[in-house]
Amino acid sequence: MAGKLMQAVWYTCYGEGSAGLKHVEIPIPVPGNGEVLLKIEAASINPIDWKIQDGLARPILPRKFPFIPVGDVAGEVVEVGPGVKNFKAGDKIVSTLGGGGLAEYAITKESSTVPRPPEVSAADGASLVIAGCTALHCLTVTGGLKLEKTQPRTNILVTAASGGVGHYAVQLAKLGNTHVTATCGARNIEFVKSLGADEVLDYKTPEGATLKSPSGQKYDIVVHCTTGIPWSTFEPNLTQTGKVIDITPSGGALWTYAVNKLTFSKKQLQPLLVIPKAEQIDCLVKLVKEGKLKTVIDSRYPLNRAKEGWAKSIEGHATGKVVIEP
Ligand SMILES: NC(=O)c1ccc[n+]([C@@H]2O[C@H](COP(=O)([O-])OP(=O)(O)OC[C@H]3O[C@@H](n4cnc5c(N)ncnc54)[C@H](OP(=O)(O)O)[C@@H]3O)[C@@H](O)[C@H]2O)c1
């Protein structure tokens, strides 16, 4: 593929939102040692993608401009670099990149890549990466939940259960011995119940804003996928050792985390940043293959309409995942 050109979408500075995305034609990259050249069939946008464009990780990310954003991809291997052992041209895969996903082709590391069986579509696979790994990590690593019904019952609250992370968190939680309460907007209540939630609160109602379980459960684990809810709202709804896992921690959340540690509080607020790992992606792909987990796609856009997908994610009202299909 050396010397051939591909379509890609990049931005050249911080800020500017979807208007900052530019369509360009650039050379197809060449895989180096341990790398794979992938023809992208689907890429999934996450809030972190446009937050990086906004300057959240400035000056560390992006490492340089212009930058092709998006790291969650699925597609087909077209070429492998020296030393690649587990993949060959024609293999279908899911992978996590440090950027480069809004393009027809991308380079990825063999170590960040997992096989994708025919039962898992490219769009479903790409969607799993950040959102699915975050939900899985919150529940099983930070929360200590087993995805089999061998533990005593765990009561779980998932906030923003209609979003990318939340819709996976509800389904994964229900693989364990759990009671799941979830929050979402009125239009998504039936959808979130269909994912398996035992009870659903409309976050825009006064009752929903209290996070109180309608059936009186106290929460052992909260997978907190939205923002703007103070510790004082969570605290009375937790069990004695309840844990709020905050994946978008504000300064206030970090303060609560520190105070809780210093006062030896058994109730905890745990800030969390998840970097997807190949083993976790593989576990999620297998769950989709087995029919135990599904991806719900809010909207799909071809690469030449990537700006619309970007804007859709920025709006913050997606139900499930936003996918770009080159
Ligand atoms: N720490 C990490 O490693 C990590 C990893 C992934 C994501 N995140 C962060 O986690 C957050 C969620 O990510 P995501 O991909 O799930 O976002 P998303 O898909 O964009 O979430 C959109 C959904 O959230 C719902 N929502 C918004 N505000 C809500 C509220 N107050 N209560 C209940 N539901 C609400 C919206 O419903 P309506 O349309 O009805 O408002 C919409 O369905 C983002 O801030 C993201 O940056 C962190």
# chains A, B, ... in the order shown; residues from 1 in each chain; ligands from 1
call {"tool": "closest_atom_pairs", "arguments": {"of": "chain A", "to": "ligand 1", "cutoff": "6 Å", "atoms": "only C-alpha atoms and all ligand atoms", "output": "JSON lines"}}
result
{"residue": "A:Asn46", "atom": "CA", "partner": "ligand 1", "partner_atom_place_in_ligand_line": "15 (O)", "distance": 5.2}
{"residue": "A:Pro47", "atom": "CA", "partner": "ligand 1", "partner_atom_place_in_ligand_line": "47 (O)", "distance": 4.5}
{"residue": "A:Ile48", "atom": "CA", "partner": "ligand 1", "partner_atom_place_in_ligand_line": "47 (O)", "distance": 5.0}
{"residue": "A:Ile130", "atom": "CA", "partner": "ligand 1", "partner_atom_place_in_ligand_line": "6 (C)", "distance": 5.7}
{"residue": "A:Ala131", "atom": "CA", "partner": "ligand 1", "partner_atom_place_in_ligand_line": "6 (C)", "distance": 5.2}
{"residue": "A:Thr134", "atom": "CA", "partner": "ligand 1", "partner_atom_place_in_ligand_line": "5 (C)", "distance": 5.2}
{"residue": "A:Thr159", "atom": "CA", "partner": "ligand 1", "partner_atom_place_in_ligand_line": "33 (C)", "distance": 5.3}
{"residue": "A:Ala160", "atom": "CA", "partner": "ligand 1", "partner_atom_place_in_ligand_line": "34 (N)", "distance": 3.2}
{"residue": "A:Ser162", "atom": "CA", "partner": "ligand 1", "partner_atom_place_in_ligand_line": "43 (O)", "distance": 4.2}
{"residue": "A:Gly163", "atom": "CA", "partner": "ligand 1", "partner_atom_place_in_ligand_line": "19 (O)", "distance": 3.4}
{"residue": "A:Gly164", "atom": "CA", "partner": "ligand 1", "partner_atom_place_in_ligand_line": "16 (O)", "distance": 3.7}
{"residue": "A:Val165", "atom": "CA", "partner": "ligand 1", "partner_atom_place_in_ligand_line": "16 (O)", "distance": 3.8}
{"residue": "A:Gly166", "atom": "CA", "partner": "ligand 1", "partner_atom_place_in_ligand_line": "16 (O)", "distance": 5.4}
{"residue": "A:Thr183", "atom": "CA", "partner": "ligand 1", "partner_atom_place_in_ligand_line": "33 (C)", "distance": 5.0}
{"residue": "A:Cys184", "atom": "CA", "partner": "ligand 1", "partner_atom_place_in_ligand_line": "33 (C)", "distance": 4.1}
{"residue": "A:Gly185", "atom": "CA", "partner": "ligand 1", "partner_atom_place_in_ligand_line": "40 (O)", "distance": 3.7}
{"residue": "A:Tyr203", "atom": "CA", "partner": "ligand 1", "partner_atom_place_in_ligand_line": "32 (N)", "distance": 5.0}
{"residue": "A:Cys225", "atom": "CA", "partner": "ligand 1", "partner_atom_place_in_ligand_line": "12 (C)", "distance": 4.6}
{"residue": "A:Thr226", "atom": "CA", "partner": "ligand 1", "partner_atom_place_in_ligand_line": "29 (C)", "distance": 5.3}
{"residue": "A:Ile247", "atom": "CA", "partner": "ligand 1", "partner_atom_place_in_ligand_line": "1 (N)", "distance": 3.7}
{"residue": "A:Thr248", "atom": "CA", "partner": "ligand 1", "partner_atom_place_in_ligand_line": "45 (O)", "distance": 5.0}
{"residue": "A:Leu272", "atom": "CA", "partner": "ligand 1", "partner_atom_place_in_ligand_line": "1 (N)", "distance": 5.0}
{"residue": "A:Leu273", "atom": "CA", "partner": "ligand 1", "partner_atom_place_in_ligand_line": "3 (O)", "distance": 3.5}
{"residue": "A:Val274", "atom": "CA", "partner": "ligand 1", "partner_atom_place_in_ligand_line": "3 (O)", "distance": 3.6}
{"residue": "A:Ser313", "atom": "CA", "partner": "ligand 1", "partner_atom_place_in_ligand_line": "20 (O)", "distance": 5.5}
{"residue": "A:Gly316", "atom": "CA", "partner": "ligand 1", "partner_atom_place_in_ligand_line": "20 (O)", "distance": 4.3}
{"residue": "A:His317", "atom": "CA", "partner": "ligand 1", "partner_atom_place_in_ligand_line": "39 (O)", "distance": 3.3}
{"residue": "A:Ala318", "atom": "CA", "partner": "ligand 1", "partner_atom_place_in_ligand_line": "43 (O)", "distance": 4.7}
{"residue": "A:Thr319", "atom": "CA", "partner": "ligand 1", "partner_atom_place_in_ligand_line": "43 (O)", "distance": 4.4}
{"residue": "A:Gly320", "atom": "CA", "partner": "ligand 1", "partner_atom_place_in_ligand_line": "19 (O)", "distance": 5.8}
call {"tool": "closest_atom_pairs", "arguments": {"of": "segment 5-44 of chain A", "to": "segment 71-81 of chain A", "cutoff": "6 Å", "atoms": "only C-alpha atoms", "output": "JSON lines"}}
result
{"residue": "A:Pro31", "atom": "CA", "partner": "A:Gly81", "partner_atom": "CA", "distance": 4.9}
{"residue": "A:Gly32", "atom": "CA", "partner": "A:Gly81", "partner_atom": "CA", "distance": 4.9}
{"residue": "A:Asn33", "atom": "CA", "partner": "A:Gly81", "partner_atom": "CA", "distance": 5.3}
{"residue": "A:Gly34", "atom": "CA", "partner": "A:Gly81", "partner_atom": "CA", "distance": 5.9}
{"residue": "A:Glu35", "atom": "CA", "partner": "A:Gly81", "partner_atom": "CA", "distance": 5.2}
{"residue": "A:Val36", "atom": "CA", "partner": "A:Val80", "partner_atom": "CA", "distance": 4.5}
{"residue": "A:Leu37", "atom": "CA", "partner": "A:Glu79", "partner_atom": "CA", "distance": 5.1}
{"residue": "A:Leu38", "atom": "CA", "partner": "A:Val77", "partner_atom": "CA", "distance": 4.5}
{"residue": "A:Lys39", "atom": "CA", "partner": "A:Glu76", "partner_atom": "CA", "distance": 5.2}
{"residue": "A:Ile40", "atom": "CA", "partner": "A:Gly75", "partner_atom": "CA", "distance": 4.5}
{"residue": "A:Glu41", "atom": "CA", "partner": "A:Gly75", "partner_atom": "CA", "distance": 4.5}
{"residue": "A:Ala42", "atom": "CA", "partner": "A:Ala74", "partner_atom": "CA", "distance": 5.4}
{"residue": "A:Ala43", "atom": "CA", "partner": "A:Val73", "partner_atom": "CA", "distance": 4.3}
{"residue": "A:Ser44", "atom": "CA", "partner": "A:Asp72", "partner_atom": "CA", "distance": 5.4}
call {"tool": "atom_distance", "arguments": {"atom1": "atom CA of Met1 of chain A", "atom2": "atom CA of Ala306 of chain A"}}
result
24.1 Å
call {"tool": "atom_distance", "arguments": {"atom1": "atom CA of Pro62 of chain A", "atom2": "atom CA of Val114 of chain A"}}
result
24.9 Å
call {"tool": "closest_residue", "arguments": {"among": "A:Lys261, A:His137, A:Lys321, A:Lys64", "to": "Thr12 of chain A", "atoms": "only C-alpha atoms"}}
result
A:Lys64
call {"tool": "select_by_dssp", "arguments": {"residues": "segment 83-186 of chain A", "states": "strand (DSSP E)", "output": "list of chain:residue names"}}
result
A:Lys92, A:Ile93, A:Val94, A:Ser95, A:Thr96, A:Tyr105, A:Ala106, A:Ile107, A:Thr108, A:Lys109, A:Thr113, A:Val114, A:Pro115, A:Thr154, A:Asn155, A:Ile156, A:Leu157, A:Val158, A:Thr178, A:His179, A:Val180, A:Thr181, A:Ala182, A:Thr183, A:Cys184
call {"tool": "residues_around", "arguments": {"residues": "Met6 of chain A", "least_positions_apart": "5", "cutoff": "9 Å", "atoms": "only C-alpha atoms", "output": "list in words"}}
result
Val24, Glu25, Ile26, Pro27, Ile28, Ala103, Glu104 and Tyr105 of chain A
call {"tool": "write_last_selection", "arguments": {"atoms": "N, CA and C atoms", "output": "CSV table (one decimal), in the first residue's frame"}}
result
chain,number,residue,atom,x,y,z
A,24,VAL,N,-8.9,15.4,4.6
A,24,VAL,CA,-7.7,15.5,3.9
A,24,VAL,C,-7.4,14.2,3.1
A,25,GLU,N,-6.5,14.3,2.2
A,25,GLU,CA,-6.0,13.0,1.5
A,25,GLU,C,-4.5,12.9,1.8
A,26,ILE,N,-4.1,11.8,2.4
A,26,ILE,CA,-2.7,11.7,2.9
A,26,ILE,C,-2.2,10.3,2.6
A,27,PRO,N,-0.9,10.0,2.6
A,27,PRO,CA,-0.4,8.7,2.3
A,27,PRO,C,-0.9,7.6,3.3
A,28,ILE,N,-1.2,6.5,2.8
A,28,ILE,CA,-1.5,5.3,3.7
A,28,ILE,C,-0.2,5.0,4.5
A,103,ALA,N,-10.1,7.7,9.6
A,103,ALA,CA,-9.4,7.5,8.4
A,103,ALA,C,-9.8,6.2,7.7
A,104,GLU,N,-9.4,6.0,6.5
A,104,GLU,CA,-9.7,4.7,5.8
A,104,GLU,C,-8.8,3.6,6.3
A,105,TYR,N,-7.5,4.0,6.7
A,105,TYR,CA,-6.5,3.0,7.1
A,105,TYR,C,-5.9,3.6,8.4
